[in-house]
Amino acid sequence: MSNSIRQCVKALDKNKDVRQILPDYVDKCMHMNYEDAKLKLMMHYYVYYEMVTEGINPYIESARDTTDAVNEIIADIYERGLTKEEMSEAADKLLKLRKNVMDKMQVLTAYVDCFVVYEYVLNRVQYRFEEMKKLPDDTEFAQDVVKFIFGSKDNVAINDCIHGIIGQLPMRMTRSRYIDIIRNSISVYDGSDMSSLESFVYMFRTNAMLYKNDDMDKYFTEFIPVLDELSKVDYENITKELYDIYAEKIRNNAAKLNDVSDLYMQLGQIINELYIIAVSSKYNEETDKEAAQQIVIRGINSLFTNSESDVWNLSEEEFEDEEAKLYWLGEYFHEIEGKQEQLSEAMNMAGAVLEETIEAQKDIIEEISLTQEFTYLKQMSQLNSNSIFAEIDAKITDRKVTADDIMRVSDELTVEIKEYLKKNSRMVRRAIMANTIDKLPVFFNSPQEVADYVTMSLEQCDDEAEKYASKQLVMEMMF
């Protein structure tokens, strides 16, 4: 597969025999995505079943309807069998399920970011009530930090270090400087896809506790009173007793959020893989029902739905219980070793030219009636990205950001954050600024500017407990 897709990629790069190559490119990409999705579904479905049956996650029941719907679609595909028209309907159902899961994850993400802000605040008052050991003085500490940041020659590693450290140093930046940095960060998106700018704005608003939507009144409402309580705490004058109470509340609720987020992330992965299988299935003939992927997927579905399946007849031994069946299914994983790595290499090769091909060959793609296929391939590329809940575009192309868009978004976002900062206490304001500044593009132009910022943030902090906590967190990153 790698050699054949390599030939396609070379031809497309050279703009050679494009009309003949594009259908072949599509066919190979559909096949690779189909096989890759089956391998991933096999693994993720197995792990999800284990999590559900172990009963460790307290939020399993909240996802029962979605889990049942996913199980039903898997049974339709792998046991009952679907026509091409029915498979298309299944794909539409999966998109609706995905939208529902994404709506819930957006609520969870907003809650997580709120708790991160309040955790930041409580961490900065922690050492009012705990012993502070001797740490390097500000000058020595600043020098150590700068050495650590620029100890690498890799610019990506340097920028990652800068982001991590400025998010933990005492926040003493003026609000006007903060607003300027936000505007400059938005200006970077001039000429890029509008979806990229929208993703940036969403990310900023969640980290700044600005994100609100109607779904917050429907999903996971048990977190609302806790956050409301945290928003009213007088952190400047907090007592040891109150500190202990709220620190424990944050720990408990963070654990709950982690449980429910993990649940929906696993569901999101499974839905993504099923969608890829559904839209690419018409380009692939499924003939081997005894392949490892088929056996495990069908077996887990049978266990999940407590239904009969002839998949169990493939075993030479009788099963004593469900645990024995699960163990038997687990034995099939050795058969797929190395397959995903081989597919990944070929898929990366094909994906490297996808966007360019869509842009450069748009007219030919439309002329030979492959627009829908390339829309699917773009969706698959997005679904295979590191972001489980990436927006998958309905169109093959995305409009570009204009200078007017930059001005409008900058004005709207900066007005919104200014107003919100005014409503909050000084310590919460600083926490919000810290939780967003480390997500923005690096705004330093030289190592000296980095050194000056580190020194300034330490020297202007006269709260010894806050400074101590910041140093401790930075040192954990350094050592």
# chains A, B, ... in the order shown; residues from 1 in each chain; ligands from 1
>>> residues_around(residues="Thr239 (chain A)", least_positions_apart="4", cutoff="10 Å", atoms="only C-alpha atoms", output="list in words")
Val125, Arg128, Phe129, Asp234, Tyr235, Tyr243, Asp244 and Ile245 of chain A
>>> residues_around(residues="region 95-104 of chain A", least_positions_apart="2", cutoff="9 Å", atoms="only C-alpha atoms", output="PyMOL selection string")
chain A and resi 66+69-70+90-93+106-109+215-216+219-220+264-265+267-268+271-272+275+389
>>> closest_atom_pairs(of="region 310-409 of chain A", to="region 187-202 of chain A", cutoff="6 Å", atoms="only C-alpha atoms", output="tab-separated table")
residue	atom	partner	partner_atom	distance
A:Asp398	CA	A:Asp193	CA	5.8
A:Arg399	CA	A:Met194	CA	5.9
A:Lys400	CA	A:Asp193	CA	4.6
A:Val401	CA	A:Gly191	CA	4.9
A:Thr402	CA	A:Asp190	CA	5.8
A:Ile406	CA	A:Ser187	CA	5.9
>>> closest_residue(among="A:Tyr420, A:Glu359, A:Glu412, A:Leu274", to="Asp36 (chain A)", atoms="only C-alpha atoms")
A:Leu274
>>> closest_residue(among="A:Val454, A:Val428, A:Asp438, A:Lys467", to="Met203 (chain A)", atoms="only C-alpha atoms")
A:Asp438
>>> closest_residue(among="A:Phe374, A:Asp452, A:Ile270, A:Glu366", to="Val47 (chain A)", atoms="only C-alpha atoms")
A:Ile270
>>> residues_around(residues="Glu356 (chain A)", least_positions_apart="3", cutoff="12 Å", atoms="only C-alpha atoms", output="list in words")
Val9, Leu12, Asp13, Asn15, Ala350, Gly351, Ala352, Val353, Glu359, Ala360, Gln361, Lys362, Phe374, Lys378, Ile396 and Thr397 of chain A
>>> atom_distance(atom1="CA of Leu329 (chain A)", atom2="CA of Ser88 (chain A)")
29.2 Å
>>> closest_residue(among="A:Asp68, A:Glu285, A:Glu459, A:Glu222", to="Asp137 (chain A)", atoms="only C-alpha atoms")
A:Glu459
>>> atom_distance(atom1="CA of Ser470 (chain A)", atom2="CA of Gln168 (chain A)")
5.5 Å
>>> residues_around(residues="Glu79 (chain A)", least_positions_apart="6", cutoff="12 Å", atoms="only C-alpha atoms", output="PyMOL selection string")
chain A and resi 71-73+289+294-295+297-302+307-311
>>> write_last_selection(atoms="N, CA and C atoms", output="PDB file, in the first residue's frame")
ATOM      1  N   ASN A  71     -24.150   0.890  20.307  1.00  0.00           N
ATOM      2  CA  ASN A  71     -24.218  -0.577  20.238  1.00  0.00           C
ATOM      3  C   ASN A  71     -25.190  -1.047  19.159  1.00  0.00           C
ATOM      4  N   GLU A  72     -26.287  -0.338  19.023  1.00  0.00           N
ATOM      5  CA  GLU A  72     -27.287  -0.701  18.015  1.00  0.00           C
ATOM      6  C   GLU A  72     -26.722  -0.538  16.603  1.00  0.00           C
ATOM      7  N   ILE A  73     -25.994   0.555  16.381  1.00  0.00           N
ATOM      8  CA  ILE A  73     -25.401   0.792  15.056  1.00  0.00           C
ATOM      9  C   ILE A  73     -24.338  -0.258  14.747  1.00  0.00           C
ATOM     10  N   LYS A 289     -15.341 -12.393   7.815  1.00  0.00           N
ATOM     11  CA  LYS A 289     -15.977 -12.199   9.117  1.00  0.00           C
ATOM     12  C   LYS A 289     -15.186 -12.843  10.249  1.00  0.00           C
ATOM     13  N   GLN A 294     -13.056  -8.019  13.142  1.00  0.00           N
ATOM     14  CA  GLN A 294     -14.463  -8.400  13.103  1.00  0.00           C
ATOM     15  C   GLN A 294     -14.859  -9.200  14.338  1.00  0.00           C
ATOM     16  N   ILE A 295     -14.030 -10.151  14.695  1.00  0.00           N
ATOM     17  CA  ILE A 295     -14.341 -11.034  15.825  1.00  0.00           C
ATOM     18  C   ILE A 295     -14.462 -10.242  17.120  1.00  0.00           C
ATOM     19  N   ILE A 297     -14.918  -6.923  17.576  1.00  0.00           N
ATOM     20  CA  ILE A 297     -16.019  -5.953  17.543  1.00  0.00           C
ATOM     21  C   ILE A 297     -17.357  -6.667  17.733  1.00  0.00           C
ATOM     22  N   ARG A 298     -17.558  -7.772  17.035  1.00  0.00           N
ATOM     23  CA  ARG A 298     -18.813  -8.516  17.157  1.00  0.00           C
ATOM     24  C   ARG A 298     -18.960  -9.124  18.550  1.00  0.00           C
ATOM     25  N   GLY A 299     -17.853  -9.622  19.089  1.00  0.00           N
ATOM     26  CA  GLY A 299     -17.907 -10.227  20.415  1.00  0.00           C
ATOM     27  C   GLY A 299     -18.247  -9.219  21.497  1.00  0.00           C
ATOM     28  N   ILE A 300     -17.603  -8.059  21.456  1.00  0.00           N
ATOM     29  CA  ILE A 300     -17.888  -7.022  22.454  1.00  0.00           C
ATOM     30  C   ILE A 300     -19.326  -6.550  22.324  1.00  0.00           C
ATOM     31  N   ASN A 301     -19.802  -6.424  21.090  1.00  0.00           N
ATOM     32  CA  ASN A 301     -21.189  -6.009  20.888  1.00  0.00           C
ATOM     33  C   ASN A 301     -22.158  -7.024  21.476  1.00  0.00           C
ATOM     34  N   SER A 302     -21.853  -8.295  21.304  1.00  0.00           N
ATOM     35  CA  SER A 302     -22.695  -9.353  21.874  1.00  0.00           C
ATOM     36  C   SER A 302     -22.713  -9.271  23.397  1.00  0.00           C
ATOM     37  N   SER A 307     -26.737 -10.274  23.656  1.00  0.00           N
ATOM     38  CA  SER A 307     -27.439 -10.933  22.552  1.00  0.00           C
ATOM     39  C   SER A 307     -26.596 -12.071  21.991  1.00  0.00           C
ATOM     40  N   GLU A 308     -27.255 -12.970  21.283  1.00  0.00           N
ATOM     41  CA  GLU A 308     -26.563 -14.110  20.689  1.00  0.00           C
ATOM     42  C   GLU A 308     -25.766 -13.673  19.461  1.00  0.00           C
ATOM     43  N   SER A 309     -24.640 -14.337  19.237  1.00  0.00           N
ATOM     44  CA  SER A 309     -23.842 -14.107  18.034  1.00  0.00           C
ATOM     45  C   SER A 309     -23.087 -15.383  17.705  1.00  0.00           C
ATOM     46  N   ASP A 310     -23.020 -15.690  16.393  1.00  0.00           N
ATOM     47  CA  ASP A 310     -22.287 -16.902  16.016  1.00  0.00           C
ATOM     48  C   ASP A 310     -20.775 -16.713  16.108  1.00  0.00           C
ATOM     49  N   VAL A 311     -20.336 -15.530  16.523  1.00  0.00           N
ATOM     50  CA  VAL A 311     -18.900 -15.298  16.685  1.00  0.00           C
ATOM     51  C   VAL A 311     -18.313 -16.246  17.729  1.00  0.00           C
TER      52      VAL A 311
END
>>> select_by_dssp(residues="region 249-317 of chain A", states="helix (DSSP H, G or I)", output="CSV table (one decimal) with N, CA and C atoms, in the first residue's frame")
chain,number,residue,atom,x,y,z
A,249,LYS,N,-13.2,20.7,48.0
A,249,LYS,CA,-14.2,20.8,47.0
A,249,LYS,C,-13.7,20.8,45.6
A,250,ILE,N,-12.6,21.5,45.4
A,250,ILE,CA,-12.0,21.5,44.0
A,250,ILE,C,-11.5,20.2,43.7
A,251,ARG,N,-10.8,19.6,44.6
A,251,ARG,CA,-10.2,18.2,44.3
A,251,ARG,C,-11.3,17.2,44.0
A,252,ASN,N,-12.4,17.2,44.8
A,252,ASN,CA,-13.5,16.3,44.5
A,252,ASN,C,-14.2,16.5,43.2
A,253,ASN,N,-14.4,17.7,42.9
A,253,ASN,CA,-15.1,18.0,41.6
A,253,ASN,C,-14.2,17.9,40.4
A,254,ALA,N,-12.9,18.1,40.6
A,254,ALA,CA,-12.0,17.9,39.5
A,254,ALA,C,-12.0,16.4,39.2
A,255,ALA,N,-12.0,15.5,40.2
A,255,ALA,CA,-12.0,14.1,40.0
A,255,ALA,C,-13.3,13.6,39.3
A,256,LYS,N,-14.4,14.2,39.6
A,256,LYS,CA,-15.7,13.9,38.9
A,256,LYS,C,-15.6,14.3,37.5
A,257,LEU,N,-15.1,15.5,37.2
A,257,LEU,CA,-15.0,16.0,35.9
A,257,LEU,C,-14.1,15.1,35.0
A,258,ASN,N,-13.0,14.7,35.7
A,258,ASN,CA,-12.1,13.8,35.0
A,258,ASN,C,-12.8,12.5,34.6
A,259,ASP,N,-13.6,11.9,35.5
A,259,ASP,CA,-14.3,10.7,35.2
A,259,ASP,C,-15.3,10.9,34.0
A,260,VAL,N,-16.1,11.9,34.1
A,260,VAL,CA,-17.1,12.1,33.1
A,260,VAL,C,-16.5,12.5,31.7
A,261,SER,N,-15.4,13.3,31.8
A,261,SER,CA,-14.7,13.6,30.5
A,261,SER,C,-14.1,12.4,29.9
A,262,ASP,N,-13.5,11.5,30.7
A,262,ASP,CA,-12.9,10.3,30.1
A,262,ASP,C,-14.0,9.4,29.5
A,263,LEU,N,-15.1,9.4,30.1
A,263,LEU,CA,-16.2,8.6,29.5
A,263,LEU,C,-16.6,9.1,28.1
A,264,TYR,N,-16.8,10.4,28.0
A,264,TYR,CA,-17.3,10.9,26.8
A,264,TYR,C,-16.2,11.0,25.7
A,265,MET,N,-15.0,11.1,26.1
A,265,MET,CA,-13.9,11.1,25.2
A,265,MET,C,-13.8,9.7,24.5
A,266,GLN,N,-13.9,8.6,25.4
A,266,GLN,CA,-13.9,7.3,24.8
A,266,GLN,C,-15.1,7.1,23.8
A,267,LEU,N,-16.3,7.6,24.2
A,267,LEU,CA,-17.4,7.4,23.3
A,267,LEU,C,-17.2,8.2,22.0
A,268,GLY,N,-16.6,9.4,22.2
A,268,GLY,CA,-16.3,10.2,21.0
A,268,GLY,C,-15.4,9.5,20.0
A,269,GLN,N,-14.3,8.8,20.5
A,269,GLN,CA,-13.4,8.1,19.7
A,269,GLN,C,-14.2,7.0,18.9
A,270,ILE,N,-15.0,6.2,19.6
A,270,ILE,CA,-15.8,5.1,19.0
A,270,ILE,C,-16.7,5.7,17.9
A,271,ILE,N,-17.4,6.8,18.2
A,271,ILE,CA,-18.3,7.3,17.2
A,271,ILE,C,-17.5,7.8,16.0
A,272,ASN,N,-16.4,8.5,16.2
A,272,ASN,CA,-15.5,8.9,15.0
A,272,ASN,C,-15.2,7.7,14.2
A,273,GLU,N,-14.7,6.6,14.8
A,273,GLU,CA,-14.3,5.5,14.0
A,273,GLU,C,-15.4,4.8,13.3
A,274,LEU,N,-16.6,4.8,13.9
A,274,LEU,CA,-17.8,4.2,13.2
A,274,LEU,C,-18.2,5.1,12.1
A,275,TYR,N,-18.1,6.4,12.2
A,275,TYR,CA,-18.4,7.3,11.1
A,275,TYR,C,-17.5,7.0,9.9
A,276,ILE,N,-16.2,6.9,10.2
A,276,ILE,CA,-15.3,6.7,9.1
A,276,ILE,C,-15.6,5.3,8.4
A,277,ILE,N,-15.9,4.3,9.2
A,277,ILE,CA,-16.3,3.0,8.6
A,277,ILE,C,-17.6,3.1,7.8
A,278,ALA,N,-18.5,3.9,8.3
A,278,ALA,CA,-19.8,4.0,7.5
A,278,ALA,C,-19.6,4.7,6.2
A,279,VAL,N,-18.9,5.8,6.2
A,279,VAL,CA,-18.8,6.6,4.9
A,279,VAL,C,-17.8,6.0,3.9
A,280,SER,N,-16.9,5.2,4.4
A,280,SER,CA,-15.9,4.6,3.5
A,280,SER,C,-16.2,3.1,3.1
A,281,SER,N,-17.3,2.6,3.7
A,281,SER,CA,-17.6,1.2,3.5
A,281,SER,C,-18.0,0.9,2.1
A,282,LYS,N,-18.6,1.8,1.4
A,282,LYS,CA,-19.0,1.5,0.0
A,282,LYS,C,-17.8,1.4,-1.0
A,283,TYR,N,-16.7,1.8,-0.5
A,283,TYR,CA,-15.5,1.7,-1.3
A,283,TYR,C,-14.7,0.4,-0.9
A,292,ALA,N,-9.6,-10.7,12.8
A,292,ALA,CA,-9.5,-10.4,14.3
A,292,ALA,C,-10.3,-9.2,14.6
A,293,GLN,N,-10.3,-8.1,13.8
A,293,GLN,CA,-11.1,-6.9,14.0
A,293,GLN,C,-12.6,-7.3,14.1
A,294,GLN,N,-13.1,-8.0,13.1
A,294,GLN,CA,-14.5,-8.4,13.1
A,294,GLN,C,-14.9,-9.2,14.3
A,295,ILE,N,-14.0,-10.2,14.7
A,295,ILE,CA,-14.3,-11.0,15.8
A,295,ILE,C,-14.5,-10.2,17.1
A,296,VAL,N,-13.5,-9.4,17.4
A,296,VAL,CA,-13.5,-8.6,18.6
A,296,VAL,C,-14.7,-7.6,18.7
A,297,ILE,N,-14.9,-6.9,17.6
A,297,ILE,CA,-16.0,-6.0,17.5
A,297,ILE,C,-17.4,-6.7,17.7
A,298,ARG,N,-17.6,-7.8,17.0
A,298,ARG,CA,-18.8,-8.5,17.2
A,298,ARG,C,-19.0,-9.1,18.6
A,299,GLY,N,-17.9,-9.6,19.1
A,299,GLY,CA,-17.9,-10.2,20.4
A,299,GLY,C,-18.2,-9.2,21.5
A,300,ILE,N,-17.6,-8.1,21.5
A,300,ILE,CA,-17.9,-7.0,22.5
A,300,ILE,C,-19.3,-6.5,22.3
A,301,ASN,N,-19.8,-6.4,21.1
A,301,ASN,CA,-21.2,-6.0,20.9
A,301,ASN,C,-22.2,-7.0,21.5
A,302,SER,N,-21.9,-8.3,21.3
A,302,SER,CA,-22.7,-9.4,21.9
A,302,SER,C,-22.7,-9.3,23.4
A,303,LEU,N,-21.6,-9.0,24.0
A,303,LEU,CA,-21.5,-8.9,25.4
A,303,LEU,C,-22.2,-7.7,25.9
A,304,PHE,N,-22.0,-6.6,25.2
A,304,PHE,CA,-22.7,-5.3,25.6
A,304,PHE,C,-24.2,-5.4,25.6
A,305,THR,N,-24.7,-6.0,24.5
A,305,THR,CA,-26.2,-6.1,24.3
A,305,THR,C,-26.8,-7.3,24.8
A,310,ASP,N,-23.0,-15.7,16.4
A,310,ASP,CA,-22.3,-16.9,16.0
A,310,ASP,C,-20.8,-16.7,16.1
A,311,VAL,N,-20.3,-15.5,16.5
A,311,VAL,CA,-18.9,-15.3,16.7
A,311,VAL,C,-18.3,-16.2,17.7
A,312,TRP,N,-19.1,-16.6,18.7
A,312,TRP,CA,-18.6,-17.5,19.8
A,312,TRP,C,-18.4,-18.9,19.3
A,313,ASN,N,-19.0,-19.3,18.2
A,313,ASN,CA,-18.8,-20.6,17.6
A,313,ASN,C,-17.4,-20.8,17.1
A,314,LEU,N,-16.7,-19.7,16.9
A,314,LEU,CA,-15.3,-19.8,16.4
A,314,LEU,C,-14.4,-20.4,17.5
>>> closest_residue(among="A:Ile388, A:Thr206, A:Asp154, A:Leu22", to="Ser369 (chain A)", atoms="only C-alpha atoms")
A:Leu22
>>> closest_residue(among="A:Leu377, A:Ala324, A:Leu230, A:Met349", to="Val121 (chain A)", atoms="only C-alpha atoms")
A:Leu230
